[in-house]
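**Q** You'll find coords.csv just under this line, and it carries CSV, N, CA and C atoms.
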```csv
chain,number,residue,atom,x,y,z
A,1271,MET,N,0.8,-1.2,0.0
A,1271,MET,CA,0.0,0.0,0.0
A,1271,MET,C,0.9,1.2,0.0
A,1272,GLY,N,0.5,2.2,-0.8
A,1272,GLY,CA,1.2,3.5,-0.8
A,1272,GLY,C,0.9,4.4,0.3
A,1273,LEU,N,1.7,5.5,0.3
A,1273,LEU,CA,1.4,6.5,1.4
A,1273,LEU,C,0.1,7.2,1.2
A,1274,ASP,N,-0.5,7.2,0.0
A,1274,ASP,CA,-1.7,7.9,-0.2
A,1274,ASP,C,-2.9,7.0,0.3
A,1275,THR,N,-2.7,6.0,1.1
A,1275,THR,CA,-3.8,5.2,1.6
A,1275,THR,C,-3.8,5.3,3.2
A,1276,HIS,N,-3.0,6.1,3.8
A,1276,HIS,CA,-2.9,6.2,5.2
A,1276,HIS,C,-2.9,7.6,5.7
A,1277,ALA,N,-3.5,7.9,6.8
A,1277,ALA,CA,-3.4,9.2,7.4
A,1277,ALA,C,-3.5,9.1,8.9
A,1278,LEU,N,-2.9,10.1,9.5
A,1278,LEU,CA,-2.9,10.2,11.0
A,1278,LEU,C,-4.0,11.2,11.4
A,1279,LEU,N,-5.0,10.7,12.2
A,1279,LEU,CA,-6.1,11.6,12.7
A,1279,LEU,C,-5.7,12.0,14.1
A,1280,ARG,N,-6.0,13.2,14.4
A,1280,ARG,CA,-5.8,13.7,15.8
A,1280,ARG,C,-7.1,13.9,16.5
A,1281,ALA,N,-7.1,13.7,17.8
A,1281,ALA,CA,-8.3,13.9,18.6
A,1281,ALA,C,-8.6,15.3,18.8
A,1282,ASP,N,-9.9,15.7,18.8
A,1282,ASP,CA,-10.3,17.1,19.0
A,1282,ASP,C,-10.7,17.1,20.5
A,1283,SER,N,-9.9,17.8,21.3
A,1283,SER,CA,-10.1,18.0,22.7
A,1283,SER,C,-10.1,16.6,23.4
A,1284,GLY,N,-9.3,15.7,23.0
A,1284,GLY,CA,-9.2,14.4,23.6
A,1284,GLY,C,-10.2,13.3,23.1
A,1285,VAL,N,-11.1,13.7,22.2
A,1285,VAL,CA,-12.1,12.8,21.7
A,1285,VAL,C,-11.9,12.7,20.1
A,1286,LEU,N,-11.8,11.4,19.7
A,1286,LEU,CA,-11.7,11.2,18.2
A,1286,LEU,C,-13.1,10.6,17.8
A,1287,VAL,N,-13.8,11.3,16.9
A,1287,VAL,CA,-15.0,10.9,16.4
A,1287,VAL,C,-14.8,10.4,15.0
A,1288,HIS,N,-15.4,9.2,14.7
A,1288,HIS,CA,-15.3,8.7,13.3
A,1288,HIS,C,-16.6,8.0,13.0
A,1289,THR,N,-17.1,8.1,11.8
A,1289,THR,CA,-18.2,7.4,11.3
A,1289,THR,C,-17.8,6.6,10.1
A,1290,ASN,N,-18.5,6.7,8.9
A,1290,ASN,CA,-18.1,5.8,7.8
A,1290,ASN,C,-17.6,6.5,6.6
A,1291,HIS,N,-17.2,7.8,6.7
A,1291,HIS,CA,-16.6,8.5,5.5
A,1291,HIS,C,-15.2,8.9,5.9
A,1292,VAL,N,-14.4,9.2,4.8
A,1292,VAL,CA,-13.0,9.5,5.0
A,1292,VAL,C,-12.9,10.9,5.6
A,1293,LEU,N,-12.1,11.0,6.6
A,1293,LEU,CA,-11.9,12.3,7.3
A,1293,LEU,C,-10.7,13.1,6.8
A,1294,ALA,N,-9.6,12.4,6.4
A,1294,ALA,CA,-8.4,13.0,6.1
A,1294,ALA,C,-8.5,13.6,4.7
A,1295,PRO,N,-8.2,14.9,4.5
A,1295,PRO,CA,-8.4,15.6,3.2
A,1295,PRO,C,-7.5,14.9,2.1
A,1296,ASP,N,-6.3,14.5,2.5
A,1296,ASP,CA,-5.5,13.8,1.5
A,1296,ASP,C,-6.0,12.5,1.0
A,1297,LEU,N,-7.0,11.9,1.7
A,1297,LEU,CA,-7.5,10.6,1.3
A,1297,LEU,C,-9.0,10.7,0.8
A,1298,GLU,N,-9.5,11.9,0.6
A,1298,GLU,CA,-10.9,12.0,0.2
A,1298,GLU,C,-11.1,11.3,-1.2
A,1299,HIS,N,-10.1,11.2,-2.0
A,1299,HIS,CA,-10.2,10.6,-3.3
A,1299,HIS,C,-10.6,9.1,-3.2
A,1300,LEU,N,-10.4,8.5,-2.0
A,1300,LEU,CA,-10.7,7.1,-1.8
A,1300,LEU,C,-12.2,6.9,-1.4
A,1301,ASP,N,-12.9,8.0,-1.0
A,1301,ASP,CA,-14.3,7.9,-0.7
A,1301,ASP,C,-15.1,8.0,-2.0
A,1302,THR,N,-15.5,6.9,-2.5
A,1302,THR,CA,-16.1,6.9,-3.8
A,1302,THR,C,-17.6,7.1,-3.9
A,1303,GLU,N,-18.3,7.2,-2.7
A,1303,GLU,CA,-19.7,7.5,-2.7
A,1303,GLU,C,-20.0,8.5,-1.6
A,1304,GLU,N,-21.1,9.3,-1.9
A,1304,GLU,CA,-21.5,10.3,-1.0
A,1304,GLU,C,-22.2,9.6,0.2
A,1305,ARG,N,-21.9,10.1,1.4
A,1305,ARG,CA,-22.4,9.5,2.6
A,1305,ARG,C,-23.1,10.5,3.5
A,1306,PRO,N,-24.3,11.0,3.2
A,1306,PRO,CA,-24.9,12.1,4.0
A,1306,PRO,C,-25.2,11.6,5.4
A,1307,CYS,N,-25.6,10.3,5.6
A,1307,CYS,CA,-25.9,9.8,6.9
A,1307,CYS,C,-24.7,9.8,7.8
A,1308,SER,N,-23.5,9.4,7.2
A,1308,SER,CA,-22.3,9.3,7.9
A,1308,SER,C,-21.9,10.7,8.3
A,1309,ARG,N,-22.0,11.7,7.4
A,1309,ARG,CA,-21.6,13.1,7.7
A,1309,ARG,C,-22.5,13.7,8.8
A,1310,THR,N,-23.8,13.4,8.8
A,1310,THR,CA,-24.7,13.9,9.8
A,1310,THR,C,-24.4,13.3,11.2
A,1311,ARG,N,-24.1,12.0,11.2
A,1311,ARG,CA,-23.8,11.3,12.5
A,1311,ARG,C,-22.5,11.8,13.0
A,1312,PHE,N,-21.5,12.1,12.1
A,1312,PHE,CA,-20.2,12.7,12.5
A,1312,PHE,C,-20.4,14.1,13.2
A,1313,GLU,N,-21.2,14.9,12.6
A,1313,GLU,CA,-21.5,16.3,13.1
A,1313,GLU,C,-22.2,16.2,14.5
A,1314,THR,N,-23.2,15.3,14.6
A,1314,THR,CA,-23.9,15.1,15.8
A,1314,THR,C,-23.0,14.6,16.9
A,1315,ALA,N,-22.2,13.6,16.7
A,1315,ALA,CA,-21.2,13.1,17.7
A,1315,ALA,C,-20.2,14.2,18.1
A,1316,SER,N,-19.7,15.0,17.1
A,1316,SER,CA,-18.8,16.0,17.4
A,1316,SER,C,-19.4,17.1,18.3
A,1317,LYS,N,-20.6,17.5,18.0
A,1317,LYS,CA,-21.3,18.5,18.9
A,1317,LYS,C,-21.6,17.9,20.3
A,1318,LEU,N,-22.1,16.7,20.4
A,1318,LEU,CA,-22.4,16.1,21.7
A,1318,LEU,C,-21.2,15.8,22.5
A,1319,SER,N,-20.0,15.6,21.9
A,1319,SER,CA,-18.8,15.4,22.6
A,1319,SER,C,-18.3,16.6,23.4
A,1320,ARG,N,-18.9,17.8,23.0
A,1320,ARG,CA,-18.5,19.0,23.7
A,1320,ARG,C,-19.5,19.3,24.9
A,1321,ASN,N,-20.4,18.4,25.2
A,1321,ASN,CA,-21.5,18.6,26.2
A,1321,ASN,C,-21.1,18.4,27.6
A,1322,GLY,N,-19.9,18.2,27.9
A,1322,GLY,CA,-19.4,17.9,29.3
A,1322,GLY,C,-18.1,17.3,29.3
A,1323,PRO,N,-17.6,17.1,30.5
A,1323,PRO,CA,-16.3,16.4,30.6
A,1323,PRO,C,-16.3,15.1,30.0
A,1324,ARG,N,-15.1,14.7,29.4
A,1324,ARG,CA,-15.0,13.4,28.8
A,1324,ARG,C,-15.2,12.3,29.8
A,1325,SER,N,-16.1,11.4,29.5
A,1325,SER,CA,-16.4,10.3,30.5
A,1325,SER,C,-17.0,9.2,29.7
A,1326,LYS,N,-17.0,8.0,30.2
A,1326,LYS,CA,-17.7,6.8,29.6
A,1326,LYS,C,-19.2,7.1,29.5
A,1327,ALA,N,-19.8,7.8,30.5
A,1327,ALA,CA,-21.2,8.1,30.5
A,1327,ALA,C,-21.5,9.0,29.3
A,1328,LEU,N,-20.7,10.0,29.0
A,1328,LEU,CA,-20.9,10.9,27.9
A,1328,LEU,C,-20.8,10.1,26.6
A,1329,MET,N,-19.8,9.3,26.5
A,1329,MET,CA,-19.6,8.5,25.2
A,1329,MET,C,-20.8,7.6,25.0
A,1330,GLU,N,-21.3,7.0,26.1
A,1330,GLU,CA,-22.5,6.1,25.9
A,1330,GLU,C,-23.7,6.9,25.5
A,1331,GLU,N,-23.9,8.1,26.0
A,1331,GLU,CA,-25.0,9.0,25.6
A,1331,GLU,C,-24.9,9.3,24.2
A,1332,ILE,N,-23.7,9.6,23.7
A,1332,ILE,CA,-23.5,9.9,22.3
A,1332,ILE,C,-23.9,8.7,21.4
A,1333,LEU,N,-23.4,7.6,21.8
A,1333,LEU,CA,-23.7,6.4,20.9
A,1333,LEU,C,-25.1,5.9,21.0
A,1334,ARG,N,-25.9,6.3,22.0
A,1334,ARG,CA,-27.3,6.0,22.1
A,1334,ARG,C,-28.2,7.1,21.5
A,1335,SER,N,-27.6,8.1,21.0
A,1335,SER,CA,-28.4,9.3,20.5
A,1335,SER,C,-29.3,8.9,19.3
A,1336,HIS,N,-30.5,9.4,19.3
A,1336,HIS,CA,-31.4,9.3,18.2
A,1336,HIS,C,-31.7,10.7,17.5
A,1337,ARG,N,-30.8,11.7,17.8
A,1337,ARG,CA,-30.9,13.0,17.2
A,1337,ARG,C,-30.7,12.9,15.7
A,1338,GLU,N,-31.4,13.7,15.0
A,1338,GLU,CA,-31.2,13.8,13.5
A,1338,GLU,C,-31.8,12.6,12.8
A,1339,TRP,N,-32.7,11.8,13.4
A,1339,TRP,CA,-33.3,10.7,12.8
A,1339,TRP,C,-33.8,11.1,11.4
A,1340,PRO,N,-33.6,10.4,10.4
A,1340,PRO,CA,-33.2,9.0,10.3
A,1340,PRO,C,-31.7,8.8,10.1
A,1341,HIS,N,-30.9,9.9,10.3
A,1341,HIS,CA,-29.4,9.9,10.2
A,1341,HIS,C,-28.8,9.9,11.6
A,1342,SER,N,-29.5,9.2,12.6
A,1342,SER,CA,-29.0,9.3,14.0
A,1342,SER,C,-27.8,8.3,14.2
A,1343,ILE,N,-27.1,8.5,15.3
A,1343,ILE,CA,-26.0,7.7,15.6
A,1343,ILE,C,-26.4,6.3,15.9
A,1344,CYS,N,-27.4,6.1,16.7
A,1344,CYS,CA,-28.0,4.8,17.0
A,1344,CYS,C,-29.1,4.6,16.0
A,1345,LEU,N,-28.9,3.6,15.1
A,1345,LEU,CA,-29.8,3.3,14.0
A,1345,LEU,C,-30.6,2.0,14.3
A,1346,HIS,N,-31.9,2.1,13.9
A,1346,HIS,CA,-32.7,0.9,14.0
A,1346,HIS,C,-33.3,0.5,12.6
A,1347,ALA,N,-33.2,-0.7,12.3
A,1347,ALA,CA,-33.7,-1.2,11.0
A,1347,ALA,C,-35.2,-0.9,10.9
A,1348,GLN,N,-35.7,-0.4,9.8
A,1348,GLN,CA,-37.1,-0.1,9.6
A,1348,GLN,C,-37.9,-1.2,8.9
A,1349,GLY,N,-37.2,-2.2,8.4
A,1349,GLY,CA,-37.9,-3.4,7.8
A,1349,GLY,C,-38.3,-3.1,6.4
A,1350,GLY,N,-37.3,-2.9,5.6
A,1350,GLY,CA,-37.6,-2.6,4.2
A,1350,GLY,C,-36.6,-1.7,3.6
A,1351,GLY,N,-36.7,-1.6,2.3
A,1351,GLY,CA,-35.7,-0.7,1.6
A,1351,GLY,C,-34.4,-1.4,1.4
A,1352,GLU,N,-33.7,-0.9,0.3
A,1352,GLU,CA,-32.5,-1.4,0.0
A,1352,GLU,C,-31.4,-1.1,1.0
A,1353,ASP,N,-31.4,0.1,1.6
A,1353,ASP,CA,-30.4,0.4,2.6
A,1353,ASP,C,-31.0,0.5,3.9
A,1354,ASP,N,-31.3,-0.6,4.5
A,1354,ASP,CA,-32.0,-0.7,5.8
A,1354,ASP,C,-30.9,-0.8,6.9
A,1355,SER,N,-30.1,0.2,7.0
A,1355,SER,CA,-29.0,0.1,8.0
A,1355,SER,C,-29.5,0.1,9.4
A,1356,HIS,N,-28.7,-0.5,10.3
A,1356,HIS,CA,-28.9,-0.4,11.7
A,1356,HIS,C,-27.6,-0.7,12.5
A,1357,SER,N,-27.6,-0.2,13.7
A,1357,SER,CA,-26.4,-0.4,14.6
A,1357,SER,C,-26.4,-1.8,15.0
A,1358,VAL,N,-25.2,-2.5,14.9
A,1358,VAL,CA,-25.1,-3.9,15.3
A,1358,VAL,C,-24.2,-3.9,16.6
A,1359,ALA,N,-23.5,-2.9,16.9
A,1359,ALA,CA,-22.7,-2.8,18.0
A,1359,ALA,C,-22.1,-1.4,18.2
A,1360,ALA,N,-21.6,-1.1,19.4
A,1360,ALA,CA,-21.0,0.2,19.6
A,1360,ALA,C,-19.8,0.0,20.5
A,1361,ALA,N,-18.7,0.8,20.4
A,1361,ALA,CA,-17.5,0.6,21.2
A,1361,ALA,C,-17.0,1.9,21.7
A,1362,ILE,N,-16.4,1.9,22.9
A,1362,ILE,CA,-15.7,3.1,23.5
A,1362,ILE,C,-14.4,2.6,23.9
A,1363,VAL,N,-13.3,3.2,23.3
A,1363,VAL,CA,-12.0,2.9,23.6
A,1363,VAL,C,-11.4,4.0,24.5
A,1364,ASP,N,-10.9,3.6,25.7
A,1364,ASP,CA,-10.3,4.6,26.6
A,1364,ASP,C,-8.8,4.2,26.7
A,1365,LEU,N,-7.9,4.9,26.0
A,1365,LEU,CA,-6.5,4.6,26.0
A,1365,LEU,C,-5.8,4.9,27.3
A,1366,SER,N,-6.3,5.9,28.1
A,1366,SER,CA,-5.7,6.2,29.4
A,1366,SER,C,-6.0,5.1,30.4
A,1367,ASP,N,-7.2,4.4,30.2
A,1367,ASP,CA,-7.6,3.4,31.2
A,1367,ASP,C,-7.3,2.0,30.6
A,1368,LEU,N,-6.8,1.9,29.4
A,1368,LEU,CA,-6.6,0.6,28.7
A,1368,LEU,C,-7.9,-0.2,28.7
A,1369,SER,N,-9.0,0.4,28.4
A,1369,SER,CA,-10.3,-0.3,28.4
A,1369,SER,C,-11.0,-0.2,27.1
A,1370,LEU,N,-11.9,-1.2,26.9
A,1370,LEU,CA,-12.8,-1.2,25.7
A,1370,LEU,C,-14.2,-1.6,26.3
A,1371,ALA,N,-15.1,-0.7,26.0
A,1371,ALA,CA,-16.5,-1.0,26.4
A,1371,ALA,C,-17.3,-1.2,25.2
A,1372,VAL,N,-18.1,-2.3,25.1
A,1372,VAL,CA,-18.8,-2.8,23.9
A,1372,VAL,C,-20.2,-3.0,24.3
A,1373,ALA,N,-21.1,-2.5,23.4
A,1373,ALA,CA,-22.5,-2.9,23.4
A,1373,ALA,C,-22.8,-3.8,22.2
A,1374,ASN,N,-23.2,-5.0,22.5
A,1374,ASN,CA,-23.4,-6.0,21.4
A,1374,ASN,C,-24.9,-5.9,20.9
A,1375,GLY,N,-25.1,-4.9,20.0
A,1375,GLY,CA,-26.4,-4.6,19.5
A,1375,GLY,C,-26.6,-3.1,19.6
A,1376,THR,N,-27.9,-2.7,19.3
A,1376,THR,CA,-28.1,-1.2,19.4
A,1376,THR,C,-27.8,-0.7,20.8
A,1377,PRO,N,-27.0,0.3,20.8
A,1377,PRO,CA,-26.5,0.8,22.1
A,1377,PRO,C,-27.5,1.4,23.0
A,1378,CYS,N,-28.7,1.8,22.5
A,1378,CYS,CA,-29.8,2.3,23.3
A,1378,CYS,C,-30.5,1.2,24.1
A,1379,THR,N,-30.3,-0.1,23.6
A,1379,THR,CA,-31.1,-1.2,24.3
A,1379,THR,C,-30.1,-2.2,24.9
A,1380,HIS,N,-28.8,-2.1,24.7
A,1380,HIS,CA,-27.9,-3.0,25.3
A,1380,HIS,C,-26.9,-2.4,26.2
A,1381,ASP,N,-26.5,-3.0,27.3
A,1381,ASP,CA,-25.5,-2.5,28.2
A,1381,ASP,C,-24.2,-2.6,27.6
A,1382,PHE,N,-23.3,-1.7,28.0
A,1382,PHE,CA,-21.9,-1.7,27.6
A,1382,PHE,C,-21.1,-2.6,28.6
A,1383,LEU,N,-20.4,-3.6,28.1
A,1383,LEU,CA,-19.5,-4.4,28.9
A,1383,LEU,C,-18.1,-3.9,28.7
A,1384,THR,N,-17.4,-3.8,29.8
A,1384,THR,CA,-16.1,-3.2,29.8
A,1384,THR,C,-15.0,-4.3,30.0
A,1385,PHE,N,-14.0,-4.2,29.1
A,1385,PHE,CA,-12.9,-5.1,29.1
A,1385,PHE,C,-11.6,-4.3,29.3
A,1386,ARG,N,-10.7,-4.8,30.2
A,1386,ARG,CA,-9.5,-4.0,30.5
A,1386,ARG,C,-8.2,-4.8,30.1
A,1387,LEU,N,-7.2,-4.1,29.6
A,1387,LEU,CA,-5.9,-4.7,29.5
A,1387,LEU,C,-5.1,-4.5,30.8
A,1388,HIS,N,-4.4,-5.5,31.2
A,1388,HIS,CA,-3.5,-5.3,32.3
A,1388,HIS,C,-2.1,-5.0,31.9
A,1389,ALA,N,-1.5,-4.0,32.4
A,1389,ALA,CA,-0.1,-3.6,32.0
A,1389,ALA,C,0.9,-4.6,32.6
```
Taking this structure as input, can you express it in the form of structure tokens?
**A**
Amino acid sequence: MGLDTHALLRADSGVLVHTNHVLAPDLEHLDTEERPCSRTRFETASKLSRNGPRSKALMEEILRSHREWPHSICLHAQGGGEDDSHSVAAAIVDLSDLSLAVANGTPCTHDFLTFRLHA
């Protein structure tokens, strides 16, 4: 793979938000389809991440958000249509705590289970 396929992303105020579209300007040529849902979810997550101190509770709130439906962060299948997207899991990585919290299913209806690495 060439250098034009990788980019370093930096966290904004300690939080890195990512959805399903290319964020690095140098790699936009790799994003071959328009993704309005992804862009809306990115903007929603970015705004919500500024709503308080960084915490697991805030990250869970963001991942459970139904704002901007039908382009919400937490998506539910509607039962029809070619693009019937839905959330199948959600994850929160805390590098300072060496932990990974995972909701196995839609994050608004499933608890987050936390796994920790031991140094």
**Q** Point out the residue among A:Ala1360, A:Pro1377, A:Phe1385, A:Ser1316 with the least atom-to-atom distance to Leu1286 of chain A, counting all atoms listed in the file.
**A**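 The closest residue to Leu1286 of chain A is A:Ser1316.
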**Q** So that I can check the secondary structure, give me every residue of segment 1272-1387 of chain A assigned alpha helix (DSSP H) by backbone DSSP, as a PDB file with N, CA and C atoms, in the coordinates of the input.
**A**
```
ATOM      1  N   PRO A1306     -24.300  11.000   3.200  1.00  0.00           N
ATOM      2  CA  PRO A1306     -24.900  12.100   4.000  1.00  0.00           C
ATOM      3  C   PRO A1306     -25.200  11.600   5.400  1.00  0.00           C
ATOM      4  N   CYS A1307     -25.600  10.300   5.600  1.00  0.00           N
ATOM      5  CA  CYS A1307     -25.900   9.800   6.900  1.00  0.00           C
ATOM      6  C   CYS A1307     -24.700   9.800   7.800  1.00  0.00           C
ATOM      7  N   SER A1308     -23.500   9.400   7.200  1.00  0.00           N
ATOM      8  CA  SER A1308     -22.300   9.300   7.900  1.00  0.00           C
ATOM      9  C   SER A1308     -21.900  10.700   8.300  1.00  0.00           C
ATOM     10  N   ARG A1309     -22.000  11.700   7.400  1.00  0.00           N
ATOM     11  CA  ARG A1309     -21.600  13.100   7.700  1.00  0.00           C
ATOM     12  C   ARG A1309     -22.500  13.700   8.800  1.00  0.00           C
ATOM     13  N   THR A1310     -23.800  13.400   8.800  1.00  0.00           N
ATOM     14  CA  THR A1310     -24.700  13.900   9.800  1.00  0.00           C
ATOM     15  C   THR A1310     -24.400  13.300  11.200  1.00  0.00           C
ATOM     16  N   ARG A1311     -24.100  12.000  11.200  1.00  0.00           N
ATOM     17  CA  ARG A1311     -23.800  11.300  12.500  1.00  0.00           C
ATOM     18  C   ARG A1311     -22.500  11.800  13.000  1.00  0.00           C
ATOM     19  N   PHE A1312     -21.500  12.100  12.100  1.00  0.00           N
ATOM     20  CA  PHE A1312     -20.200  12.700  12.500  1.00  0.00           C
ATOM     21  C   PHE A1312     -20.400  14.100  13.200  1.00  0.00           C
ATOM     22  N   GLU A1313     -21.200  14.900  12.600  1.00  0.00           N
ATOM     23  CA  GLU A1313     -21.500  16.300  13.100  1.00  0.00           C
ATOM     24  C   GLU A1313     -22.200  16.200  14.500  1.00  0.00           C
ATOM     25  N   THR A1314     -23.200  15.300  14.600  1.00  0.00           N
ATOM     26  CA  THR A1314     -23.900  15.100  15.800  1.00  0.00           C
ATOM     27  C   THR A1314     -23.000  14.600  16.900  1.00  0.00           C
ATOM     28  N   ALA A1315     -22.200  13.600  16.700  1.00  0.00           N
ATOM     29  CA  ALA A1315     -21.200  13.100  17.700  1.00  0.00           C
ATOM     30  C   ALA A1315     -20.200  14.200  18.100  1.00  0.00           C
ATOM     31  N   SER A1316     -19.700  15.000  17.100  1.00  0.00           N
ATOM     32  CA  SER A1316     -18.800  16.000  17.400  1.00  0.00           C
ATOM     33  C   SER A1316     -19.400  17.100  18.300  1.00  0.00           C
ATOM     34  N   LYS A1317     -20.600  17.500  18.000  1.00  0.00           N
ATOM     35  CA  LYS A1317     -21.300  18.500  18.900  1.00  0.00           C
ATOM     36  C   LYS A1317     -21.600  17.900  20.300  1.00  0.00           C
ATOM     37  N   LEU A1318     -22.100  16.700  20.400  1.00  0.00           N
ATOM     38  CA  LEU A1318     -22.400  16.100  21.700  1.00  0.00           C
ATOM     39  C   LEU A1318     -21.200  15.800  22.500  1.00  0.00           C
ATOM     40  N   LYS A1326     -17.000   8.000  30.200  1.00  0.00           N
ATOM     41  CA  LYS A1326     -17.700   6.800  29.600  1.00  0.00           C
ATOM     42  C   LYS A1326     -19.200   7.100  29.500  1.00  0.00           C
ATOM     43  N   ALA A1327     -19.800   7.800  30.500  1.00  0.00           N
ATOM     44  CA  ALA A1327     -21.200   8.100  30.500  1.00  0.00           C
ATOM     45  C   ALA A1327     -21.500   9.000  29.300  1.00  0.00           C
ATOM     46  N   LEU A1328     -20.700  10.000  29.000  1.00  0.00           N
ATOM     47  CA  LEU A1328     -20.900  10.900  27.900  1.00  0.00           C
ATOM     48  C   LEU A1328     -20.800  10.100  26.600  1.00  0.00           C
ATOM     49  N   MET A1329     -19.800   9.300  26.500  1.00  0.00           N
ATOM     50  CA  MET A1329     -19.600   8.500  25.200  1.00  0.00           C
ATOM     51  C   MET A1329     -20.800   7.600  25.000  1.00  0.00           C
ATOM     52  N   GLU A1330     -21.300   7.000  26.100  1.00  0.00           N
ATOM     53  CA  GLU A1330     -22.500   6.100  25.900  1.00  0.00           C
ATOM     54  C   GLU A1330     -23.700   6.900  25.500  1.00  0.00           C
ATOM     55  N   GLU A1331     -23.900   8.100  26.000  1.00  0.00           N
ATOM     56  CA  GLU A1331     -25.000   9.000  25.600  1.00  0.00           C
ATOM     57  C   GLU A1331     -24.900   9.300  24.200  1.00  0.00           C
ATOM     58  N   ILE A1332     -23.700   9.600  23.700  1.00  0.00           N
ATOM     59  CA  ILE A1332     -23.500   9.900  22.300  1.00  0.00           C
ATOM     60  C   ILE A1332     -23.900   8.700  21.400  1.00  0.00           C
ATOM     61  N   LEU A1333     -23.400   7.600  21.800  1.00  0.00           N
ATOM     62  CA  LEU A1333     -23.700   6.400  20.900  1.00  0.00           C
ATOM     63  C   LEU A1333     -25.100   5.900  21.000  1.00  0.00           C
TER      64      LEU A1333
END
```
**Q** Using all atoms listed in the file, find the one residue out of A:Ala1359, A:Leu1328, A:Arg1280, A:Glu1313 that sits nearest to Asn1374 of chain A.
**A**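 Using all atoms listed in the file, Asn1374 of chain A sits closest to A:Ala1359.
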**Q** Got a sec to tell me which of chain A DSSP assigns to strand (DSSP E), as a PyMOL selection string?
**A** chain A and resi 1360-1364+1369-1373+1383-1386
**Q** Contacts of segment 1369-1373 of chain A at 6 Å or less, counting all atoms listed in the file, minus same-chain residues fewer than 2 places along, as a ChimeraX atom specification?
**A** /A:1358-1367,1375-1377,1380-1387
**Q** Looking at A:Leu1368, A:Leu1345, A:Leu1297, A:Val1292, which one is nearest to Leu1333 of chain A, with distances taken over only N, CA and C atoms?
**A**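 Looking at the shortest contact to Leu1333 of chain A, the residue is A:Leu1345.
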**Q** For the atom pair atom N of Ile1343 of chain A and atom C of Ser1319 of chain A, what is the interatomic distance in Å to one decimal place?
**A**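 So the two atoms, atom N of Ile1343 of chain A and atom C of Ser1319 of chain A, lie 14.4 Å apart.
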**Q** What does the distance from atom C of Asp1282 of chain A to atom N of His1346 of chain A come to in Å, to one decimal?
**A**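 That distance, rounded to one decimal, is 26.8 Å.
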**Q** State, in Å with one decimal place, the distance from atom N of Glu1330 of chain A to atom C of His1276 of chain A.
**A**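 Result for atom N of Glu1330 of chain A versus atom C of His1276 of chain A: 27.5 Å, one decimal.
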**Q** My list of candidates is A:Thr1379, A:Ser1283, A:Thr1289, A:Thr1310. Which is closest to Ser1342 of chain A when distances are computed with only N, CA and C atoms?
**A** A:Thr1310
**Q** Fewer than 6 positions away in the same chain doesn't count, so skip those; otherwise give me all residues within 7 Å of Val1287 of chain A, counting all atoms listed in the file, as JSON, numbers by chain.
**A** {"A": [1281, 1312, 1315, 1316]}
**Q** Between A:Ala1294, A:Arg1309, A:Ser1325, A:Cys1378, single out the one closest to Leu1279 of chain A, counting all atoms listed in the file.
**A**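 The shortest atom-to-atom distance to Leu1279 of chain A comes from A:Ala1294.
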**Q** Extract segment 1275-1287 of chain A from the preceding block and save N, CA and C atoms as a CSV table (one decimal), in the first residue's frame.
**A**
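Output saved as part35.csv:
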```csv
chain,number,residue,atom,x,y,z
A,1275,THR,N,-2.7,6.0,1.1
A,1275,THR,CA,-3.8,5.2,1.6
A,1275,THR,C,-3.8,5.3,3.2
A,1276,HIS,N,-3.0,6.1,3.8
A,1276,HIS,CA,-2.9,6.2,5.2
A,1276,HIS,C,-2.9,7.6,5.7
A,1277,ALA,N,-3.5,7.9,6.8
A,1277,ALA,CA,-3.4,9.2,7.4
A,1277,ALA,C,-3.5,9.1,8.9
A,1278,LEU,N,-2.9,10.1,9.5
A,1278,LEU,CA,-2.9,10.2,11.0
A,1278,LEU,C,-4.0,11.2,11.4
A,1279,LEU,N,-5.0,10.7,12.2
A,1279,LEU,CA,-6.1,11.6,12.7
A,1279,LEU,C,-5.7,12.0,14.1
A,1280,ARG,N,-6.0,13.2,14.4
A,1280,ARG,CA,-5.8,13.7,15.8
A,1280,ARG,C,-7.1,13.9,16.5
A,1281,ALA,N,-7.1,13.7,17.8
A,1281,ALA,CA,-8.3,13.9,18.6
A,1281,ALA,C,-8.6,15.3,18.8
A,1282,ASP,N,-9.9,15.7,18.8
A,1282,ASP,CA,-10.3,17.1,19.0
A,1282,ASP,C,-10.7,17.1,20.5
A,1283,SER,N,-9.9,17.8,21.3
A,1283,SER,CA,-10.1,18.0,22.7
A,1283,SER,C,-10.1,16.6,23.4
A,1284,GLY,N,-9.3,15.7,23.0
A,1284,GLY,CA,-9.2,14.4,23.6
A,1284,GLY,C,-10.2,13.3,23.1
A,1285,VAL,N,-11.1,13.7,22.2
A,1285,VAL,CA,-12.1,12.8,21.7
A,1285,VAL,C,-11.9,12.7,20.1
A,1286,LEU,N,-11.8,11.4,19.7
A,1286,LEU,CA,-11.7,11.2,18.2
A,1286,LEU,C,-13.1,10.6,17.8
A,1287,VAL,N,-13.8,11.3,16.9
A,1287,VAL,CA,-15.0,10.9,16.4
A,1287,VAL,C,-14.8,10.4,15.0
```
